[in-house]
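Enquirer: Here you go, this is final14.pdb (PDB, C-alpha atoms, pLDDT in the B column).
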ATOM      1  CA  MET A 537    -136.990-109.622  21.815  1.00 80.00           C
ATOM      2  CA  LYS A 538    -139.245-108.155  19.177  1.00 89.00           C
ATOM      3  CA  LEU A 539    -138.152-104.958  17.496  1.00 92.00           C
ATOM      4  CA  ASP A 540    -140.626-102.521  16.009  1.00 93.00           C
ATOM      5  CA  ARG A 541    -140.087 -99.672  13.569  1.00 91.00           C
ATOM      6  CA  TYR A 542    -139.175 -97.262  16.378  1.00 93.00           C
ATOM      7  CA  ASP A 543    -136.475 -99.602  17.706  1.00 94.00           C
ATOM      8  CA  LEU A 544    -135.071-100.095  14.222  1.00 92.00           C
ATOM      9  CA  LYS A 545    -134.984 -96.375  13.564  1.00 92.00           C
ATOM     10  CA  ILE A 546    -133.221 -95.792  16.897  1.00 94.00           C
ATOM     11  CA  LEU A 547    -130.589 -98.368  15.963  1.00 93.00           C
ATOM     12  CA  GLU A 548    -130.120 -96.885  12.521  1.00 89.00           C
ATOM     13  CA  ILE A 549    -129.663 -93.349  13.876  1.00 91.00           C
ATOM     14  CA  LEU A 550    -127.374 -94.358  16.748  1.00 91.00           C
ATOM     15  CA  SER A 551    -125.178 -96.422  14.406  1.00 87.00           C
ATOM     16  CA  ARG A 552    -124.502 -93.218  12.434  1.00 85.00           C
ATOM     17  CA  GLU A 553    -124.690 -90.611  15.191  1.00 87.00           C
ATOM     18  CA  GLY A 554    -123.755 -92.115  18.534  1.00 87.00           C
ATOM     19  CA  ARG A 555    -123.517 -88.688  20.176  1.00 90.00           C
ATOM     20  CA  ILE A 556    -126.998 -87.498  19.230  1.00 92.00           C
ATOM     21  CA  THR A 557    -128.857 -85.905  22.134  1.00 94.00           C
ATOM     22  CA  LYS A 558    -131.880 -87.608  23.680  1.00 93.00           C
ATOM     23  CA  SER A 559    -134.171 -84.856  22.458  1.00 95.00           C
ATOM     24  CA  LYS A 560    -132.844 -84.921  18.878  1.00 96.00           C
ATOM     25  CA  LEU A 561    -133.185 -88.716  18.784  1.00 95.00           C
ATOM     26  CA  ALA A 562    -136.744 -88.531  20.103  1.00 96.00           C
ATOM     27  CA  GLU A 563    -137.593 -85.871  17.534  1.00 96.00           C
ATOM     28  CA  ALA A 564    -136.073 -87.951  14.708  1.00 95.00           C
ATOM     29  CA  ILE A 565    -138.266 -90.951  15.483  1.00 95.00           C
ATOM     30  CA  ASN A 566    -141.406 -89.008  16.410  1.00 95.00           C
ATOM     31  CA  LEU A 567    -141.609 -89.966  20.088  1.00 95.00           C
ATOM     32  CA  SER A 568    -141.319 -87.927  23.242  1.00 95.00           C
ATOM     33  CA  VAL A 569    -138.007 -88.061  25.096  1.00 95.00           C
ATOM     34  CA  SER A 570    -138.987 -90.428  27.951  1.00 96.00           C
ATOM     35  CA  PRO A 571    -140.405 -93.284  25.838  1.00 96.00           C
ATOM     36  CA  CYS A 572    -137.577 -92.896  23.340  1.00 96.00           C
ATOM     37  CA  TRP A 573    -134.941 -93.088  26.075  1.00 95.00           C
ATOM     38  CA  GLU A 574    -136.665 -96.116  27.639  1.00 96.00           C
ATOM     39  CA  ARG A 575    -136.395 -97.882  24.285  1.00 96.00           C
ATOM     40  CA  VAL A 576    -132.674 -97.060  24.093  1.00 96.00           C
ATOM     41  CA  ARG A 577    -132.112 -98.427  27.611  1.00 96.00           C
ATOM     42  CA  ARG A 578    -134.078-101.607  26.734  1.00 96.00           C
ATOM     43  CA  LEU A 579    -131.924-102.100  23.614  1.00 95.00           C
ATOM     44  CA  GLU A 580    -128.793-101.644  25.727  1.00 95.00           C
ATOM     45  CA  ARG A 581    -129.969-104.097  28.405  1.00 95.00           C
ATOM     46  CA  ALA A 582    -130.801-106.666  25.712  1.00 95.00           C
ATOM     47  CA  GLY A 583    -127.251-106.397  24.373  1.00 94.00           C
ATOM     48  CA  ILE A 584    -128.385-105.165  20.961  1.00 93.00           C
ATOM     49  CA  ILE A 585    -126.560-101.906  21.585  1.00 93.00           C
ATOM     50  CA  GLU A 586    -123.127-103.101  22.688  1.00 89.00           C
ATOM     51  CA  GLY A 587    -121.609 -99.690  23.270  1.00 88.00           C
ATOM     52  CA  TYR A 588    -120.790 -96.321  21.787  1.00 86.00           C
ATOM     53  CA  GLY A 589    -117.555 -95.236  20.190  1.00 79.00           C
ATOM     54  CA  ALA A 590    -115.816 -93.004  17.739  1.00 77.00           C
ATOM     55  CA  ARG A 591    -114.554 -94.009  14.302  1.00 75.00           C
ATOM     56  CA  ILE A 592    -110.866 -93.128  14.297  1.00 72.00           C
ATOM     57  CA  ASP A 593    -108.902 -92.693  11.083  1.00 69.00           C
ATOM     58  CA  PRO A 594    -105.592 -94.396  11.921  1.00 66.00           C
ATOM     59  CA  ASN A 595    -103.899 -92.693   8.960  1.00 63.00           C
ATOM     60  CA  VAL A 596    -104.209 -89.356  10.720  1.00 72.00           C
ATOM     61  CA  LEU A 597    -102.385 -90.726  13.764  1.00 68.00           C
ATOM     62  CA  ARG A 598     -99.919 -92.948  11.946  1.00 70.00           C
ATOM     63  CA  PRO A 599     -99.876 -93.526   8.188  1.00 74.00           C
ATOM     64  CA  ARG A 600    -100.502 -97.154   7.290  1.00 84.00           C
ATOM     65  CA  THR A 601    -100.388 -99.146   4.095  1.00 89.00           C
ATOM     66  CA  PRO A 602    -103.401-101.436   3.622  1.00 92.00           C
ATOM     67  CA  VAL A 603    -102.667-104.765   1.946  1.00 96.00           C
ATOM     68  CA  TRP A 604    -105.072-107.625   1.201  1.00 97.00           C
ATOM     69  CA  VAL A 605    -103.633-111.123   0.916  1.00 97.00           C
ATOM     70  CA  GLN A 606    -105.154-114.366  -0.328  1.00 97.00           C
ATOM     71  CA  ILE A 607    -103.638-117.317   1.509  1.00 97.00           C
ATOM     72  CA  GLU A 608    -103.812-121.015   0.747  1.00 97.00           C
ATOM     73  CA  LEU A 609    -102.536-123.495   3.304  1.00 97.00           C
ATOM     74  CA  LYS A 610    -100.604-126.690   2.515  1.00 95.00           C
ATOM     75  CA  SER A 611    -102.809-128.857   4.725  1.00 94.00           C
ATOM     76  CA  HIS A 612    -106.547-128.620   5.096  1.00 94.00           C
ATOM     77  CA  ASN A 613    -107.230-130.025   8.527  1.00 94.00           C
ATOM     78  CA  ALA A 614    -108.455-128.590  11.799  1.00 96.00           C
ATOM     79  CA  GLU A 615    -104.959-128.388  13.307  1.00 95.00           C
ATOM     80  CA  SER A 616    -103.580-126.405  10.346  1.00 95.00           C
ATOM     81  CA  PHE A 617    -106.501-124.011  10.365  1.00 96.00           C
ATOM     82  CA  ALA A 618    -106.206-123.495  14.136  1.00 96.00           C
ATOM     83  CA  ARG A 619    -102.445-122.870  13.915  1.00 96.00           C
ATOM     84  CA  PHE A 620    -102.908-120.301  11.132  1.00 97.00           C
ATOM     85  CA  GLU A 621    -105.811-118.547  12.882  1.00 97.00           C
ATOM     86  CA  ALA A 622    -103.774-118.291  16.104  1.00 97.00           C
ATOM     87  CA  LEU A 623    -100.961-116.623  14.149  1.00 97.00           C
ATOM     88  CA  VAL A 624    -103.427-114.129  12.671  1.00 97.00           C
ATOM     89  CA  ARG A 625    -104.837-113.296  16.115  1.00 97.00           C
ATOM     90  CA  ASP A 626    -101.293-112.788  17.457  1.00 96.00           C
ATOM     91  CA  THR A 627    -100.274-110.427  14.625  1.00 97.00           C
ATOM     92  CA  PRO A 628    -101.377-106.825  15.302  1.00 94.00           C
ATOM     93  CA  GLU A 629    -100.827-105.816  11.658  1.00 95.00           C
ATOM     94  CA  ALA A 630    -103.407-108.429  10.571  1.00 96.00           C
ATOM     95  CA  VAL A 631    -106.500-106.322  11.231  1.00 94.00           C
ATOM     96  CA  GLU A 632    -109.098-108.496   9.514  1.00 95.00           C
ATOM     97  CA  CYS A 633    -109.262-112.117   8.428  1.00 97.00           C
ATOM     98  CA  VAL A 634    -111.996-114.246   6.921  1.00 97.00           C
ATOM     99  CA  ALA A 635    -112.031-117.912   5.937  1.00 97.00           C
ATOM    100  CA  VAL A 636    -113.392-118.325   2.424  1.00 96.00           C
ATOM    101  CA  GLY A 637    -114.242-121.013  -0.085  1.00 90.00           C
ATOM    102  CA  GLY A 638    -113.461-121.001  -3.763  1.00 85.00           C
ATOM    103  CA  GLY A 639    -109.800-121.833  -4.242  1.00 86.00           C
ATOM    104  CA  VAL A 640    -108.099-120.035  -1.371  1.00 94.00           C
ATOM    105  CA  ASP A 641    -108.470-120.545   2.347  1.00 97.00           C
ATOM    106  CA  TYR A 642    -108.238-117.039   3.830  1.00 98.00           C
ATOM    107  CA  LEU A 643    -108.357-113.356   2.968  1.00 97.00           C
ATOM    108  CA  VAL A 644    -106.286-111.283   5.372  1.00 98.00           C
ATOM    109  CA  LYS A 645    -106.154-107.511   5.573  1.00 96.00           C
ATOM    110  CA  PHE A 646    -102.883-106.109   6.853  1.00 96.00           C
ATOM    111  CA  GLU A 647    -102.222-102.525   7.852  1.00 92.00           C
ATOM    112  CA  ALA A 648     -98.454-102.118   7.860  1.00 92.00           C
ATOM    113  CA  ALA A 649     -96.208 -99.109   8.276  1.00 90.00           C
ATOM    114  CA  SER A 650     -94.918 -99.627   4.711  1.00 92.00           C
ATOM    115  CA  ILE A 651     -94.779-102.168   1.895  1.00 95.00           C
ATOM    116  CA  ASP A 652     -91.349-103.166   3.170  1.00 96.00           C
ATOM    117  CA  ALA A 653     -92.742-103.760   6.668  1.00 95.00           C
ATOM    118  CA  TYR A 654     -95.535-105.908   5.182  1.00 97.00           C
ATOM    119  CA  GLN A 655     -93.017-107.920   3.138  1.00 97.00           C
ATOM    120  CA  ARG A 656     -90.863-108.596   6.205  1.00 97.00           C
ATOM    121  CA  LEU A 657     -93.975-109.770   8.064  1.00 97.00           C
ATOM    122  CA  ILE A 658     -95.164-112.126   5.299  1.00 97.00           C
ATOM    123  CA  ASP A 659     -91.595-113.453   4.921  1.00 97.00           C
ATOM    124  CA  ALA A 660     -91.612-114.313   8.636  1.00 96.00           C
ATOM    125  CA  TRP A 661     -94.976-116.062   8.228  1.00 97.00           C
ATOM    126  CA  LEU A 662     -93.601-118.078   5.291  1.00 96.00           C
ATOM    127  CA  MET A 663     -90.576-119.160   7.324  1.00 94.00           C
ATOM    128  CA  SER A 664     -92.725-120.149  10.301  1.00 92.00           C
ATOM    129  CA  ASP A 665     -94.327-123.569  10.701  1.00 86.00           C
ATOM    130  CA  VAL A 666     -97.806-122.234   9.916  1.00 93.00           C
ATOM    131  CA  GLY A 667     -97.887-124.047   6.557  1.00 94.00           C
ATOM    132  CA  ILE A 668     -98.631-121.437   3.885  1.00 96.00           C
ATOM    133  CA  GLU A 669     -98.660-123.087   0.448  1.00 96.00           C
ATOM    134  CA  ARG A 670     -99.004-119.875  -1.563  1.00 96.00           C
ATOM    135  CA  TYR A 671    -100.183-116.317  -1.202  1.00 96.00           C
ATOM    136  CA  PHE A 672    -101.206-113.431  -3.423  1.00 97.00           C
ATOM    137  CA  THR A 673    -100.685-109.841  -2.306  1.00 97.00           C
ATOM    138  CA  TYR A 674    -102.940-106.962  -3.342  1.00 97.00           C
ATOM    139  CA  ILE A 675    -101.739-103.460  -2.525  1.00 94.00           C
ATOM    140  CA  VAL A 676    -104.639-101.068  -1.913  1.00 91.00           C
ATOM    141  CA  THR A 677    -104.332 -98.038  -4.180  1.00 90.00           C
ATOM    142  CA  LYS A 678    -107.557 -96.247  -3.255  1.00 88.00           C
ATOM    143  CA  ARG A 679    -110.352 -96.665  -0.722  1.00 83.00           C
ATOM    144  CA  VAL A 680    -113.668 -96.575  -2.549  1.00 88.00           C
ATOM    145  CA  LYS A 681    -115.985 -97.152   0.405  1.00 81.00           C
ATOM    146  CA  ARG A 682    -115.353 -97.239   4.128  1.00 72.00           C
ATOM    147  CA  PRO A 683    -117.381 -99.618   6.290  1.00 67.00           C
ATOM    148  CA  ASP A 684    -119.685 -98.108   8.884  1.00 64.00           C
ATOM    149  CA  SER A 685    -121.586 -99.888  11.616  1.00 55.00           C
ATOM    150  CA  GLY A 686    -123.298-101.974   8.972  1.00 56.00           C
ATOM    151  CA  PHE A 687    -126.786-101.469  10.355  1.00 62.00           C
ATOM    152  CA  ALA A 688    -129.628-100.181   8.234  1.00 61.00           C
ATOM    153  CA  ALA A 689    -133.240-100.509   9.338  1.00 58.00           C
ATOM    154  CA  GLY A 690    -134.215-101.614   5.838  1.00 59.00           C
ATOM    155  CA  ASP A 691    -131.995-104.686   6.207  1.00 60.00           C
ATOM    156  CA  PHE A 692    -134.134-106.029   9.048  1.00 61.00           C
ATOM    157  CA  VAL A 693    -137.738-107.064   8.790  1.00 54.00           C
ATOM    158  CA  PRO A 694    -139.452-106.958  12.198  1.00 53.00           C
ATOM    159  CA  ASP A 695    -141.635-109.878  13.276  1.00 50.00           C
TER     160      ASP A 695
END
Written as structure tokens, how would this file's structure read?

Expert:
Amino acid sequence: MKLDRYDLKILEILSREGRITKSKLAEAINLSVSPCWERVRRLERAGIIEGYGARIDPNVLRPRTPVWVQIELKSHNAESFARFEALVRDTPEAVECVAVGGGVDYLVKFEAASIDAYQRLIDAWLMSDVGIERYFTYIVTKRVKRPDSGFAAGDFVPD
């Protein structure tokens, strides 16, 4: 599917303002309402727009302590990686995990009720058979930038 400048602008606006009205969206991209809305429906049908939602600040509902952890595994084989990744998926407090190169195997972001709760969790991981060789914990002291949808029209060059 080819995207033009109108499609890209629609995506950029909707990624920031998912509740914008049809008429305001049409006005923002300089199209009338019907053609604008047809473009939105086409983007939805193509799966480019996966859905609409609200960004919720979990700290308002329940204070959490964010912790980033570098993890290196003892063994570097497919079975070890799969076992560790399954543990991450099964741990609700592990909210983000990426495999990385450069000396460590994974970066994991935890959101725990407290530092003590995080420490109990990592202690349980260390005592499990997941095979952690070593880990480094980084307590978040301040959020500098919060991720958004990640879409900006300038990041995409249409065909």

Enquirer: Take atom CA of Thr677 of chain A and atom CA of Asp659 of chain A and report the distance between them in Å, one decimal.

Expert: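 So the answer is 22.0 Å.
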
Enquirer: What lies within 7 Å of Arg575 of chain A using only C-alpha atoms, ignoring chain neighbours under 4 positions off, as a list of chain:residue names?

Expert: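 Result of the neighbour search: A:Asp543, A:Pro571, A:Leu579.
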
Enquirer: Where's the centre, and what are the edge lengths in Å to one decimal, of a box along x, y and z enclosing all listed atoms of segment 664-681 of chain A padded 6 Å per side, as lines of an AutoDock Vina configuration file?

Expert:
center_x = -104.4
center_y = -110.1
center_z = 3.3
size_x = 35.3
size_y = 39.8
size_z = 26.9

Enquirer: When the PyMOL selection byres ((chain A and resi 670) around 10) is applied to the file above, which residues end up in the set, as a ChimeraX atom specification?

Expert: /A:606-610,640,662,667-669,671-672

Enquirer: Kindly give the distance, in Å, that separates atom CA of Tyr542 of chain A and atom CA of Ala590 of chain A, rounded to a single decimal.

Expert: 23.8 Å

Enquirer: For Ser570 of chain A, work out the shell of residues within 10 Å, counting all atoms listed in the file and skipping chain neighbours fewer than 5 positions away, then give it as a list of chain:residue names.

Expert: A:Lys558, A:Ser559, A:Ala562, A:Arg575, A:Val576

Enquirer: Between atom CA of Ile556 of chain A and atom CA of Val569 of chain A, what is the distance, to one decimal in Å?

Expert: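 Separation of atom CA of Ile556 of chain A and atom CA of Val569 of chain A: 12.5 Å.
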
Enquirer: Using only C-alpha atoms, give me every residue within 10 Å of (-108.6, -113.9, 3.9) in file coordinates, as number ranges by chain.

Expert: A: 604-608, 632-637, 640-645

Enquirer: Let me make sure I understand: among A:Val666, A:Thr601, A:Ile584, A:Ala648, which one has the smallest atom-to-atom distance to Phe620 of chain A if we use all atoms listed in the file?

Expert: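 That would be A:Val666, the residue with the smallest distance to Phe620 of chain A.
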
Enquirer: Please determine, counting all atoms listed in the file, which residue among A:Asp665, A:Leu623, A:Asp540, A:Arg555 has the shortest atom-to-atom distance to Ser611 of chain A.

Expert: A:Asp665

Enquirer: My list of candidates is A:Arg625, A:Gly589, A:Gly583, A:Leu567. Which is closest to Leu550 of chain A when distances are computed with only C-alpha atoms?

Expert: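 For Leu550 of chain A, the nearest of the candidates is A:Gly589.
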
Enquirer: Out of A:Ile592, A:Glu563, A:Ile546, A:Arg552, which residue has the shortest atom-to-atom distance to Arg578 of chain A when counting all atoms listed in the file?

Expert: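 For Arg578 of chain A, the nearest of the candidates is A:Ile546.
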
Enquirer: Return as a PyMOL selection string the set of residues that the PyMOL selection byres ((chain A and resi 602) around 10) yields on the displayed structure.

Expert: chain A and resi 599-601+603-604+629-631+645-651+654+674-679
